[in-house]
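Engineer: Before I ask anything, here is the structure I am working with.
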Amino acid sequence: MKSSNSKVYILAIVSFLVGTSEYALSGILDKVASSFDVSLAAAGQLITIFSLIYALCTPILMALTASMDRRKLIVISMGIFVVSNILAFVLPGYGLFAAARVMMAIGAGIVVVTALNIAAKIAPSGKQASAIATVVMGFTASLIIGVPLGRIAADTLGWKSMFGGIAILGILAIIILSFVIPRIEGDAPVPLKQQLSLLKKPKVALGLAITFFWLGGYSIAYTYLSPYLLQVSALNNQYLSGSLLVFGIASMIGSKLGGFSADRWGVHRTLFSGFALHILMLILLSIVTHTLVGVMIVLLLWSFSAWSSGPTQQYHLTTIEPEASGVMLSLNQSMMQLAMAAGAGMGGIAIETFSLSSITWIGAGGIAIAIIALIILNKVNVNH
């Protein structure tokens, strides 16, 4: 029992490393832009590239490697991930860094899904859900610790040092995984066509639309959070790492309480109230701009409300198609990454077309569409 627990925690640490490589860029976007001498919007597209490749390639690559031994697969994909981080650290220029991000996303997608798969297989009977939750928490923790740590590393050693550090830890992870994870047979592949056929069902399409507009709206503002806080909220640079840490801690509390609320008061009520508070905080962030305490409180409540919807929405999707819950979660992973890509892209367009301060309003608009999709889905369920 203890042995399987420790293996699950190792997988959680691996997913933390992968999550940090994806999310930490939003905490240092201003430094990346000035280093490459590109606009904020162009720097933001480095997040779009990662999320888009992750979303589109992961389901295809997982289908192609379904029968491969799981330990072998996670070690190979970690190898791809490590090499891409080394390239991101050493290669000069925006174009080559973008190419390294493509490779990073390919490795990262396979690592996370395989880690979730292994966790479910090595967990004792009846403990599979909590093992998966632990690995997911590792990924979420990258928002909490990885983003502010990336900012601190960028301030002290230069922003590229973060990718060098991730590569070193990744090599260590490969060695540990090779010894600790047992040989685990792959699965019978579920054809991609069969997975995508679920999208034809209106309830499934509406459920995934909720994910897309909720996380897309969030991502429009979150991707450009560091430059927004420095330029629009006029936050002093010395407070930025602390602000990002507050944001991350609130997201963890939100995730925990969101799950509790869904059990206690139901999925629909939890999602609706979370989305409503999310919209209110994004609008308030553009109004409460020049007081440190005001900005901190709004950031805390924004992150709390945004991430209270995370586990609730994951569970919500499994109830829409209970007999295909695994496929629904896999589709949701891709939809989340597509939403992050679309949000980062839309945010970049908004900054270029309007201004940096417009991103909170446009983000709030995205979440308003998620509320409409939630209401329609609820009516569809009531009528059936």
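Letters A, B, ... go to the chains of the structure tokens in the order shown; residues in each chain start at 1; ligands are counted from 1 in the same order.
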Identify, on the basis of only C-alpha atoms, every residue whose closest approach to segment 94-97 of chain A does not exceed 10 Å; exclude the query and any residue fewer than 3 positions from it along the same chain; express the result as a ChimeraX atom specification.
Structural biologist: /A:32-33,35-38,42-43,46,84-85,87-91,100-102
Engineer: Within 6 Å of segment 136-142 of chain A, which residues of segment 3-46 of chain A show up? Give each one with its shortest atom-to-atom distance in Å (one decimal) and the two atoms involved, counting only C-alpha atoms, rows by chain then rising residue number, as CSV.
Structural biologist:
residue,atom,partner,partner_atom,distance
A:Ala12,CA,A:Gly138,CA,4.4
A:Ile13,CA,A:Gly138,CA,5.8
A:Ser15,CA,A:Phe139,CA,5.0
A:Phe16,CA,A:Phe139,CA,4.6
A:Gly19,CA,A:Phe139,CA,5.1
A:Thr20,CA,A:Ser142,CA,4.8
Engineer: Pick the closest to Leu196 of chain A from A:Ser334, A:Thr312, A:Ser125, A:Thr48: which is it, counting only C-alpha atoms?
Structural biologist: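 Of A:Ser334, A:Thr312, A:Ser125, A:Thr48, the one nearest Leu196 of chain A, counting only C-alpha atoms, is A:Ser334.
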Engineer: Quick one: pick out all helix (DSSP H, G or I) residues within segment 36-244 of chain A from a backbone DSSP run and write them as number ranges by chain.
Structural biologist: A: 36, 40-64, 70-90, 94-122, 128-157, 161-180, 192-200, 202-222, 225-232, 237-244
Engineer: Extract, using only C-alpha atoms, all DNA, RNA and protein residues at most 7 Å from segment 296-300 of chain A, discarding same-chain residues fewer than 2 positions from it, and format them as a list in words.
Structural biologist: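 Once the nearby chain positions are removed, what remains is Ser243, Val246, Phe247, Ala250, Met281, Leu284, Leu285, Leu292, Val293, Gly294, Trp302, Ser303 and Phe304 of chain A.
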Engineer: Hey, which of A:Ile28, A:Ala276, A:Ser255, A:Gly107 ends up closest to Gly158 of chain A? Count only C-alpha atoms.
Structural biologist: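 With only C-alpha atoms as the atom set, the closest residue is A:Ile28.
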Engineer: Give me the residues near Tyr54 of chain A as a PDB file with N, CA, C and O atoms, in the first residue's frame, where near means some atom within 9 Å (using only C-alpha atoms) and where sequence neighbours in that chain fewer than 2 positions away do not count.
Structural biologist:
ATOM      1  N   ILE A  49       1.045  28.050 -28.709  1.00  0.00           N
ATOM      2  CA  ILE A  49       1.698  26.957 -29.441  1.00  0.00           C
ATOM      3  C   ILE A  49       1.724  25.691 -28.583  1.00  0.00           C
ATOM      4  O   ILE A  49       1.340  24.606 -29.035  1.00  0.00           O
ATOM      5  N   PHE A  50       2.171  25.830 -27.331  1.00  0.00           N
ATOM      6  CA  PHE A  50       2.281  24.676 -26.425  1.00  0.00           C
ATOM      7  C   PHE A  50       0.914  24.002 -26.261  1.00  0.00           C
ATOM      8  O   PHE A  50       0.769  22.797 -26.455  1.00  0.00           O
ATOM      9  N   SER A  51      -0.103  24.787 -25.905  1.00  0.00           N
ATOM     10  CA  SER A  51      -1.432  24.240 -25.620  1.00  0.00           C
ATOM     11  C   SER A  51      -2.060  23.596 -26.849  1.00  0.00           C
ATOM     12  O   SER A  51      -2.693  22.546 -26.755  1.00  0.00           O
ATOM     13  N   LEU A  52      -1.867  24.221 -28.005  1.00  0.00           N
ATOM     14  CA  LEU A  52      -2.453  23.716 -29.247  1.00  0.00           C
ATOM     15  C   LEU A  52      -1.837  22.370 -29.629  1.00  0.00           C
ATOM     16  O   LEU A  52      -2.561  21.415 -29.958  1.00  0.00           O
ATOM     17  N   LEU A  56      -3.919  18.788 -29.697  1.00  0.00           N
ATOM     18  CA  LEU A  56      -4.142  18.085 -30.958  1.00  0.00           C
ATOM     19  C   LEU A  56      -3.349  16.779 -31.058  1.00  0.00           C
ATOM     20  O   LEU A  56      -3.834  15.793 -31.612  1.00  0.00           O
ATOM     21  N   CYS A  57      -2.134  16.776 -30.526  1.00  0.00           N
ATOM     22  CA  CYS A  57      -1.262  15.603 -30.703  1.00  0.00           C
ATOM     23  C   CYS A  57      -1.469  14.516 -29.642  1.00  0.00           C
ATOM     24  O   CYS A  57      -1.302  13.330 -29.942  1.00  0.00           O
ATOM     25  N   THR A  58      -1.814  14.911 -28.405  1.00  0.00           N
ATOM     26  CA  THR A  58      -1.880  13.918 -27.320  1.00  0.00           C
ATOM     27  C   THR A  58      -2.866  12.781 -27.605  1.00  0.00           C
ATOM     28  O   THR A  58      -2.487  11.611 -27.495  1.00  0.00           O
ATOM     29  N   PRO A  59      -4.139  13.059 -27.997  1.00  0.00           N
ATOM     30  CA  PRO A  59      -5.060  11.938 -28.243  1.00  0.00           C
ATOM     31  C   PRO A  59      -4.568  11.005 -29.354  1.00  0.00           C
ATOM     32  O   PRO A  59      -4.705   9.786 -29.257  1.00  0.00           O
ATOM     33  N   VAL A 102       7.199  23.293 -29.149  1.00  0.00           N
ATOM     34  CA  VAL A 102       6.408  22.270 -29.857  1.00  0.00           C
ATOM     35  C   VAL A 102       6.805  20.878 -29.363  1.00  0.00           C
ATOM     36  O   VAL A 102       5.961  20.055 -29.002  1.00  0.00           O
ATOM     37  N   MET A 104       8.366  20.173 -26.599  1.00  0.00           N
ATOM     38  CA  MET A 104       8.043  20.111 -25.165  1.00  0.00           C
ATOM     39  C   MET A 104       6.596  19.677 -24.948  1.00  0.00           C
ATOM     40  O   MET A 104       6.289  18.845 -24.098  1.00  0.00           O
ATOM     41  N   ALA A 105       5.703  20.243 -25.757  1.00  0.00           N
ATOM     42  CA  ALA A 105       4.270  19.938 -25.635  1.00  0.00           C
ATOM     43  C   ALA A 105       3.972  18.492 -26.010  1.00  0.00           C
ATOM     44  O   ALA A 105       3.136  17.837 -25.374  1.00  0.00           O
ATOM     45  N   ILE A 106       4.668  17.973 -27.038  1.00  0.00           N
ATOM     46  CA  ILE A 106       4.474  16.570 -27.455  1.00  0.00           C
ATOM     47  C   ILE A 106       4.863  15.632 -26.307  1.00  0.00           C
ATOM     48  O   ILE A 106       4.114  14.728 -25.940  1.00  0.00           O
ATOM     49  N   GLY A 107       6.049  15.885 -25.718  1.00  0.00           N
ATOM     50  CA  GLY A 107       6.496  15.056 -24.583  1.00  0.00           C
ATOM     51  C   GLY A 107       5.577  15.207 -23.384  1.00  0.00           C
ATOM     52  O   GLY A 107       5.163  14.218 -22.767  1.00  0.00           O
ATOM     53  N   ALA A 108       5.198  16.451 -23.073  1.00  0.00           N
ATOM     54  CA  ALA A 108       4.386  16.742 -21.881  1.00  0.00           C
ATOM     55  C   ALA A 108       3.028  16.053 -21.924  1.00  0.00           C
ATOM     56  O   ALA A 108       2.582  15.468 -20.929  1.00  0.00           O
ATOM     57  N   GLY A 109       2.361  16.107 -23.082  1.00  0.00           N
ATOM     58  CA  GLY A 109       1.033  15.498 -23.209  1.00  0.00           C
ATOM     59  C   GLY A 109       1.059  14.009 -22.920  1.00  0.00           C
ATOM     60  O   GLY A 109       0.219  13.493 -22.169  1.00  0.00           O
ATOM     61  N   ILE A 110       2.040  13.308 -23.502  1.00  0.00           N
ATOM     62  CA  ILE A 110       2.133  11.857 -23.290  1.00  0.00           C
ATOM     63  C   ILE A 110       2.492  11.560 -21.838  1.00  0.00           C
ATOM     64  O   ILE A 110       1.937  10.636 -21.229  1.00  0.00           O
ATOM     65  N   SER A 334      -8.034  17.512 -23.714  1.00  0.00           N
ATOM     66  CA  SER A 334      -7.741  18.186 -24.988  1.00  0.00           C
ATOM     67  C   SER A 334      -8.489  19.517 -25.089  1.00  0.00           C
ATOM     68  O   SER A 334      -7.935  20.510 -25.544  1.00  0.00           O
ATOM     69  N   GLN A 337      -6.773  22.212 -23.050  1.00  0.00           N
ATOM     70  CA  GLN A 337      -5.582  22.756 -23.710  1.00  0.00           C
ATOM     71  C   GLN A 337      -5.960  23.636 -24.906  1.00  0.00           C
ATOM     72  O   GLN A 337      -5.343  24.675 -25.142  1.00  0.00           O
ATOM     73  N   LEU A 338      -6.996  23.219 -25.653  1.00  0.00           N
ATOM     74  CA  LEU A 338      -7.480  24.054 -26.763  1.00  0.00           C
ATOM     75  C   LEU A 338      -7.975  25.401 -26.243  1.00  0.00           C
ATOM     76  O   LEU A 338      -7.739  26.440 -26.859  1.00  0.00           O
TER      77      LEU A 338
END
Engineer: What's the 12 Å shell around Ile376 of chain A, counting only C-alpha atoms, without same-chain residues fewer than 3 positions away, as a ChimeraX atom specification?
Structural biologist: /A:202-203,205-207,209-210,268,369-373,379-383
Engineer: So that I have them on file, write out the residues from the current selection with N, CA, C and O atoms, as a CSV table (one decimal), in the first residue's frame.
Structural biologist:
chain,number,residue,atom,x,y,z
A,202,PRO,N,-25.5,16.1,-28.5
A,202,PRO,CA,-25.6,17.5,-28.0
A,202,PRO,C,-25.2,17.7,-26.6
A,202,PRO,O,-24.6,18.7,-26.3
A,203,LYS,N,-25.5,16.8,-25.7
A,203,LYS,CA,-25.1,16.9,-24.2
A,203,LYS,C,-23.6,17.0,-24.0
A,203,LYS,O,-23.1,17.7,-23.3
A,205,ALA,N,-21.4,17.8,-26.4
A,205,ALA,CA,-20.9,19.0,-27.0
A,205,ALA,C,-21.1,20.2,-26.1
A,205,ALA,O,-20.2,21.0,-26.0
A,206,LEU,N,-22.3,20.3,-25.5
A,206,LEU,CA,-22.5,21.4,-24.5
A,206,LEU,C,-21.6,21.3,-23.3
A,206,LEU,O,-21.1,22.3,-22.8
A,207,GLY,N,-21.4,20.1,-22.8
A,207,GLY,CA,-20.6,19.9,-21.6
A,207,GLY,C,-19.1,20.3,-21.9
A,207,GLY,O,-18.5,21.0,-21.1
A,209,ALA,N,-18.3,22.4,-24.3
A,209,ALA,CA,-18.3,23.9,-24.6
A,209,ALA,C,-18.2,24.7,-23.3
A,209,ALA,O,-17.6,25.7,-23.2
A,210,ILE,N,-18.8,24.1,-22.2
A,210,ILE,CA,-18.6,24.8,-20.8
A,210,ILE,C,-17.1,24.9,-20.5
A,210,ILE,O,-16.6,25.9,-20.1
A,268,HIS,N,-24.5,21.7,-10.6
A,268,HIS,CA,-25.0,22.9,-11.3
A,268,HIS,C,-24.9,24.2,-10.5
A,268,HIS,O,-24.4,25.2,-11.0
A,369,ILE,N,-20.5,33.1,-21.6
A,369,ILE,CA,-21.0,32.1,-22.6
A,369,ILE,C,-21.0,30.8,-21.9
A,369,ILE,O,-21.9,30.0,-22.2
A,370,ALA,N,-20.0,30.5,-21.1
A,370,ALA,CA,-20.0,29.2,-20.3
A,370,ALA,C,-21.3,29.1,-19.5
A,370,ALA,O,-21.8,28.0,-19.4
A,371,ILE,N,-21.7,30.1,-18.8
A,371,ILE,CA,-22.9,30.1,-18.0
A,371,ILE,C,-24.1,29.8,-18.9
A,371,ILE,O,-25.0,29.0,-18.5
A,372,ILE,N,-24.2,30.4,-20.1
A,372,ILE,CA,-25.3,30.2,-21.0
A,372,ILE,C,-25.4,28.7,-21.4
A,372,ILE,O,-26.4,28.1,-21.4
A,373,ALA,N,-24.2,28.1,-21.7
A,373,ALA,CA,-24.1,26.7,-22.1
A,373,ALA,C,-24.5,25.8,-20.9
A,373,ALA,O,-25.2,24.8,-21.1
A,379,LYS,N,-31.3,22.6,-18.8
A,379,LYS,CA,-32.7,22.5,-19.4
A,379,LYS,C,-32.8,21.2,-20.2
A,379,LYS,O,-33.9,20.5,-20.2
A,380,VAL,N,-31.8,20.8,-21.0
A,380,VAL,CA,-31.8,19.6,-21.8
A,380,VAL,C,-31.9,18.4,-20.8
A,380,VAL,O,-32.7,17.5,-21.1
A,381,ASN,N,-31.2,18.4,-19.7
A,381,ASN,CA,-31.2,17.3,-18.7
A,381,ASN,C,-32.6,17.2,-18.1
A,381,ASN,O,-33.1,16.1,-17.9
A,382,VAL,N,-33.2,18.3,-17.8
A,382,VAL,CA,-34.5,18.4,-17.1
A,382,VAL,C,-35.6,17.8,-18.0
A,382,VAL,O,-36.5,17.1,-17.6
A,383,ASN,N,-35.5,18.1,-19.3
A,383,ASN,CA,-36.5,17.7,-20.3
A,383,ASN,C,-36.4,16.2,-20.7
A,383,ASN,O,-37.3,15.7,-21.3
Engineer: Find the residues near segment 29-31 of chain A: any atom within 7 Å, counting only C-alpha atoms, skip ones fewer than 2 places away on the same chain, and give them as an MDAnalysis selection string.
Structural biologist: chainID A and resid 25:27 33:35 40 43:44 226:227
Engineer: My list of candidates is A:Gly164, A:Gly258, A:Gly217, A:Gly79. Which is closest to Ser178 of chain A when distances are computed with only C-alpha atoms?
Structural biologist: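 Among the listed residues, A:Gly79 lies closest to Ser178 of chain A.
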Engineer: List the spatial neighbours of Asn117 of chain A as a ChimeraX atom specification - criterion: any atom at most 12 Å away, only C-alpha atoms, same-chain residues fewer than 2 positions off excluded.
Structural biologist: /A:8,11,62,66,69-71,73-74,110-115,119-123,128-129,131-133,135-136,184-187,326,329-330
Engineer: Can you tell me how far atom CA of Ala350 of chain A sits from atom CA of Pro311 of chain A, in Å to one decimal?
Structural biologist: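 These two atoms are separated by 29.2 Å.
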Engineer: For atom CA of Lys7 of chain A and atom CA of Val75 of chain A, quote the distance in Å rounded to one decimal.
Structural biologist: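 Atom-to-atom, atom CA of Lys7 of chain A and atom CA of Val75 of chain A are spaced 14.3 Å apart.
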Engineer: Kindly indicate which residue among A:Ile220, A:Gly343, A:Ile53, A:Leu61 lies nearest to Ala99 of chain A, using only C-alpha atoms for the distances.
Structural biologist: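 Checking each candidate against Ala99 of chain A, we get A:Ile53 as the closest.
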Engineer: May I ask which of the residues A:Ser233, A:Asn332, A:Ser286, A:Gln314 is the closest one to Ile359 of chain A, counting only C-alpha atoms?
Structural biologist: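 For Ile359 of chain A, the nearest of the given residues is A:Ser286.
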Engineer: Between atom CA of Tyr224 of chain A and atom CA of Met335 of chain A, measure the distance and give it in Å to one decimal.
Structural biologist: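 Interatomic distance, atom CA of Tyr224 of chain A to atom CA of Met335 of chain A: 20.5 Å.
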Engineer: Which is closest to Leu172 of chain A among A:Met78, A:Ile283, A:Lys160, A:Leu235, if we use only C-alpha atoms?
Structural biologist: A:Met78
